[in-house]
Every structure is written in structure tokens, then in C-alpha cells.
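Before any comments, here is the structure.
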Amino acid sequence: MSTLPKSATAPEWSRLVSDSLTQHGAWYTYLKLIEARGAYPGDLSLRGYTEILRTTIVRDFLAHPKAMQAVPKLTAEFLSNFDRFNLTAQEGYLISLIDGRLDLQKLLILSPFDQFTTLFNLAKLQHERAITVPQ
Amino acid sequence: MNLNDKFTIAKYLKSPIALVSEHGAIEWRNDAFEATFGGDAKDWLKQAARALAGESGWLQSFFLDTDAHHSLDVDIEGRTYRIDKIMQIDDYATPTVALWFEDVTLQREAEQAKSDFTAQIVHDLRGPLSGIQGTLEFILSQDASKLGTLNADLLTEASRESERMMSLINEIMDFSKIQSGSFAVEQEPVRIAGLLKRAVRSLQSVAARDEVFLLTAHGRDIPQIIGSVEKLTQAVINLISNSLKFTPKKGLISVGAQIVRNGEIPEAIVITVTDSGMGIKATELQQIWDKYKQSGTKSLRGGGGTGLGLYIVKQVVEAHGGEVTVASIEGVGTSMVLKLPVKRAA
């Protein structure tokens with residue numbers, strides 16, 4: 001999945017996504033699928049594959065040994081150079097809640113967003129190294 | 001070549017056949033048609049041609065639908081006929097179709113009797129089973145130390161199996177309604193966000209027991225649609241239950257809704273039930289919505305089903321004017337996708 005398909009006929013997503021997942025990992029594949037949604041806006045199965053990727057990303061985030069009791073912390077890189085991070089409004093709000101004491105369970109209660117969106121945004125912040133979740 | 005030469009075989013067939021124009025005029029008919037309907041046919045055909053919509057306007061649907069195999073069950077003079085469009089005839093000034101009539105009255109009566117019998121059996125089974133479930137729930141809510149580990153495990157297992165039995169009974173009930181044609185969809189406002197929350201809440205304890213994360217994923221601005229709250233909730237519950245069967249411990253199921261817009265106007269709602277389960281083989285993906293079809297993948301938590309759950313979901317969604325699809329990657333997960341149109345008042 002290195003380039004977007006040019007044809008209007010929907011590609012065989014199952015194989016493409018599976019191959020990309022093996023070769024490039026969940027985040028790369030997810031971002032490529034988001035890109036592909038521009039080319040295939042009416043493709044329902046593409047939405048399904050995007051959701052599988054989002055679910056995989058959140059599942060991996062929750063695979064932390066402490067699961068919901070894990071406590072996220074801001075990274076030194078974020079604290080010293082936060083201008084580098086191009087945060088969305090939701091990510092910005094969530095990062096403002098992270099104080100190194102609140103665990104995921106409490107963050108979910110405090111977050112105004114739904115549980116899945118909150119965890120997905122936290123996983124994205126971890127992927128971008130704005131936060132870390134020590135073991 | 002006159003019409004009798006052209007339709008020699010059709011002329012002597014025992015099933016009524018007629019060539020009917022879009023105005024309801026009979027251009028040609030075979031002997032069986034004449035014997036069955038006689039002169040009254042021109043009256044009800046004209047009437048069907050004049051009605052533009054609804055059940056009485058059935059004749060128009062044969063001209064509007066270009067599907068060569070269009071078929072309809074129509075009540076004519078106290079009997080039910082299955083009418084098939086054989087072909088479109090272009091020899092006339094006005095569009096004309098060849099229609100084949102089959103008397104399915106006895107078949108429909110038998111289906112209705114079967115459906116009534118099933119409904120009675122299901123009703124009789126539900127009562128005592130609800131009692132068993134309530135009793136088990138009450139015992140399990142007591143102090144764990146009084147129950148003892150072995151008893152608690154056995155009671156939990158009994159509770160799980162009674163839930164499964166209730167779900168099978170409900171599926172048989174819905175299937176029976178679909179088969180008898182009495183599967184009507186109510187026209188009430190449906191708040192999708194509330195519906196998803198209720199569906200998730202009803203299975204949260206099952207997910208916790210199976211050590212699976214079950215999360216909702218939808219914004220606050222999801223518009224309401226018109227349809228049946230009960231049937232759509234049951235459809236989402238069916239999908240979550242299905243995901244629970246194939247998602248391992250520490251796995252995740254997300255239940256979400258997104259808006260499909262046409263410019264600024266919400267056009268449809270897409271509901272997704274996605275799991276990090278075992279996935280479905282690519283060769284099985286297209287058949288999973290068929291009745292009596294079950295995945296070749298073995299459920300992680302034992303116990304088969306009727307193979308009707310996903311078929312019922314598809315029927316519910318299509319009855320709302322929507323569509324269903326599935327995405328799956330073996331070993332990674334599956335996403336069931338339901339698209340429901342946002343209907344507006346005229």
C-alpha cells in the first residue's frame with residue numbers, strides 16, 4: 001500500500017491491508033486508509049477496514065501490563081519542544097489532563113469524549129512520543 | 001408471425017401467462033389465464049395500472065424495475081399469486097411485459113400456520129427461561145463467599161448457557177416473522193447514540209466476564225433516524241454477541257457511529273461493530289449474511305448458534321432502506337458495517 005490506487009474500482013482491501021499491516025505496522029496502514037477514503041468516499045468496506053485498524057491500535061495500547069491502571073506521563077521531548085507537536089483540539093484537551101498521577105480509568109471518566117476516541121487519541125499521542133506510559 | 005405462433009408453448013402451459021401493457025391492457029393471454037381469471041382480469045389489471053404506489057400499484061413496479069426476474073406476491077380476488085416478469089416485450093406501442101402467475105395461496109397459508117406455531121412455542125419457552133435467568137442472576141448477586149468457588153463457576157456457566165438459549169429463541173422468533181412476511185418496521189424516531197449505549201450496556205457484564213474490553217465510539221452530534229428502536233437495538237446486540245464469541249481475552253470490541261454527509265446535510269449513519277478477534281476467511285466473507293451460514297472459525301466460548309443472527313441483522317437493516325457489509329482480516333479482526341439512511345419528513 002505504498003501508493004494510492006488510481007482506478008475508481010475498489011481494490012481488494014483485505015489483502016492490501018493485511019500485507020501493509022505485516023510490512024509497515026498499524027499506524028502507517030491506518031494513515032494510508034484515511035488517505036484512501038478521499039478516493040473512495042462511498043466505500044463501506046473501507047470504513048470497516050479503517051475501524052479494524054483503529055481497534056487494533058487501541059487494543060495494543062490497552063495491552064499494557066497495567067491496562068486501565070497504567071499512568072501516562074508527558075515526555076521530556078514534549079515538555080521541552082511542544083511547538084513541534086501539531087495537536088488537534090481533542091489531543092490538546094487530553095494532554096492538558098495528563099499530570100503523571102491520573103490513570104487511564106480516571107482519564108476516561110474526566111474526558112468529555114467517548115471512551116474509544118479518548119483511548120485512540122492517547123495511543124496517537126504515545127505514537128508521536130508526546131506521552132509515555134511507563135510499565 | 002402472430003402472437004399465438006410466437007407463444008405456442010406458453011399457450012398450452014398450465015400456469016396463467018399474459019402480456020400486459022403499462023396501462024393494464026391484456027395484449028395476449030394463454031388458455032390457463034382465461035380459465036383462471038376470465039373476464040374479471042381486465043378490471044383488476046386496469047386498477048393496478050392506475051395506482052401509482054403501494055401494494056395496489058404492483059403492476060407499475062414491473063415497469064419501473066429493470067430486473068428481468070422481478071417477482072411479487074399479490075392478492076387477487078381472495079387468493080395470493082406470485083407474479084414473475086418473464087420478459088419485456090418491445091413489439092407494442094406502449095411498454096409491455098410478459099407475466100407468469102402462480103397460485104401460492106396454500107403455500108402462504110402453510111407458512112402462516114408454521115409462523116403462528118413457532119410464535120406460540122417461542123412464547124411458551126421464553127416465560128420459564130426468563131424465570132431461570134432471573135433466579136440465577138439473583139443467586140450470583142449474593143455474597144461470593146457463601147456460594148463457594150465451584151458453585152459460583154457452575155452457576156456462571158448455567159447463566160451463560162441460559163443467555164445463549166434466550167438469544168437462540170429470539171433469533172427463531174425474528175426469523176419466523178421474516179419468513180411469514182410480518183416483519184414490519186415501526187416508523188419512530190431513533191436516537192442512534194442512545195441505542196448504541198443501551199446495546200453496549202446490555203452486554204457489558206458478559207464482556208467483563210469474558211475479559212474483553214467493550215467500548216463505544218461515537219460523537220454527540222449523531223442525528224436521529226426514522227425506524228424501529230427495538231429491531232435496530234436487537235441488530236446491534238446480535239453483532240456484539242457475535243463479536244464476543246470470536247474475540248479472545250484482553251481483546252477489544254468497539255461500537256461506533258459516523259455521519260455520512262452530502263455537503264453539509266447528513267445523508268446516512270454508518271454503525272460499525274468492530275472486534276480484534278480471529279477474523280473471517282476471505283472465501284467466507286460474502287456468505288456470512290446468508291441464512292443458516294456459520295463461520296468455519298470455531299467460537300472461542302463454545303456453543304453454536306442457529307446461523308440466523310447475521311441474516312436477521314441484514315433483513316432489519318434492509319427493511320430500513322439501508323445496506324450491510326463486512327470487512328475482515330484473518331488473525332486481526334472483523335468489522336460489521338451497517339449504513340442507515342437519515343429519512344426526513346416530507
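Chain labels follow the order of the C-alpha cells: the first chain is A, the next B, and so on; residue numbering restarts at 1 in every chain, and ligands are counted from 1 in their shown order.
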Check: Taking only C-alpha atoms into account, what are the residues of chain B at most 9 Å from chain A, put as number ranges by chain?
Finding: B: 213, 215-220, 250-256, 260, 270, 272-276, 282, 324-330, 332-339
Write the residues of the selection above to a file with C-alpha atoms, as a CSV table (one decimal), in the first residue's frame.
```
chain,number,residue,atom,x,y,z
B,213,PHE,CA,-13.0,-4.5,26.5
B,215,LEU,CA,-16.2,0.4,24.2
B,216,THR,CA,-18.5,2.9,22.5
B,217,ALA,CA,-17.1,5.2,19.8
B,218,HIS,CA,-19.5,7.9,18.6
B,219,GLY,CA,-19.8,11.6,18.8
B,220,ARG,CA,-22.6,13.6,20.3
B,250,LYS,CA,-7.8,-9.0,26.5
B,251,GLY,CA,-9.4,-8.3,23.1
B,252,LEU,CA,-11.4,-5.2,22.2
B,253,ILE,CA,-14.8,-4.6,20.7
B,254,SER,CA,-15.7,-1.1,19.6
B,255,VAL,CA,-19.2,0.0,18.7
B,256,GLY,CA,-19.3,3.3,16.8
B,260,VAL,CA,-22.1,10.3,6.0
B,270,VAL,CA,-22.8,4.3,9.5
B,272,THR,CA,-19.7,-0.2,13.0
B,273,VAL,CA,-19.2,-3.1,15.4
B,274,THR,CA,-15.5,-4.0,15.2
B,275,ASP,CA,-13.5,-6.6,17.1
B,276,SER,CA,-9.9,-7.6,17.5
B,282,ALA,CA,-11.9,-14.1,2.6
B,324,VAL,CA,-24.7,-4.0,5.3
B,325,THR,CA,-21.1,-5.1,4.6
B,326,VAL,CA,-18.3,-6.7,6.4
B,327,ALA,CA,-14.5,-6.1,6.5
B,328,SER,CA,-12.2,-8.7,7.9
B,329,ILE,CA,-8.5,-9.7,8.2
B,330,GLU,CA,-7.7,-13.2,9.4
B,332,VAL,CA,-6.5,-9.3,13.1
B,333,GLY,CA,-10.3,-8.6,13.4
B,334,THR,CA,-13.6,-8.0,11.8
B,335,SER,CA,-15.8,-5.0,11.3
B,336,MET,CA,-19.6,-5.3,10.6
B,337,VAL,CA,-20.8,-2.1,8.9
B,338,LEU,CA,-24.4,-1.0,8.8
B,339,LYS,CA,-25.5,2.0,6.7
```
### Spatial neighbours of A:Asp99, max dist 12 Å, only C-alpha atoms, sep filter under 5 positions, as an NGL selection string
:A and (71-75 or 94 or 104 or 106-107 or 131-132)
Quiz prompt | Exercise: stretch 99-106 of chain B partners within 8 Å, only C-alpha atoms, chain neighbours under 5 positions left out, as a list of chain:residue names | solution = B:Ser15, B:Pro16, B:Ile17, B:Ala18, B:Leu19, B:Val20, B:Arg79, B:Thr80, B:Tyr81, B:Arg82, B:Ile83, B:Asp84, B:Lys85, B:Ile86, B:Met87
I want to know what sits within 8 Å of stretch 149-166 of chain B, based on only C-alpha atoms, with residues of the same chain fewer than 6 positions away left out; could you give that as an mmCIF file with C-alpha atoms, in the first residue's frame?
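And here's out.cif as it stands now:
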```cif
data_model
loop_
_atom_site.group_PDB
_atom_site.id
_atom_site.type_symbol
_atom_site.label_atom_id
_atom_site.label_comp_id
_atom_site.auth_asym_id
_atom_site.auth_seq_id
_atom_site.Cartn_x
_atom_site.Cartn_y
_atom_site.Cartn_z
ATOM 1 C CA ARG B 126 -39.489 -17.601 26.910
ATOM 2 C CA LEU B 129 -36.461 -19.374 30.694
ATOM 3 C CA ILE B 132 -34.486 -19.415 35.307
ATOM 4 C CA GLN B 133 -32.354 -16.414 34.243
ATOM 5 C CA LEU B 136 -29.561 -17.460 38.505
ATOM 6 C CA GLU B 137 -28.912 -13.724 38.442
ATOM 7 C CA LEU B 140 -24.985 -14.896 41.568
#
```
One residue among B:Leu72, B:Val342, B:Ala49, B:Val229 is nearest to B:Ser21 when using only C-alpha atoms, and that residue is B:Ala49
re atom CA of A:Ala36 and atom CA of B:Gly331: distance 22.9 Å
* Counting only C-alpha atoms, the option among A:Ala130, A:Ala26, A:Leu125, A:Leu108 closest to A:Ala76 ->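 Once distances to A:Ala76 are computed over only C-alpha atoms, the minimum belongs to A:Ala130.
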Pairwise distance, atom CA of B:Thr247 with atom CA of B:Leu214, equals 10.7 Å
Atom CA of A:Met68 to atom CA of B:Val212 measures 12.6 Å
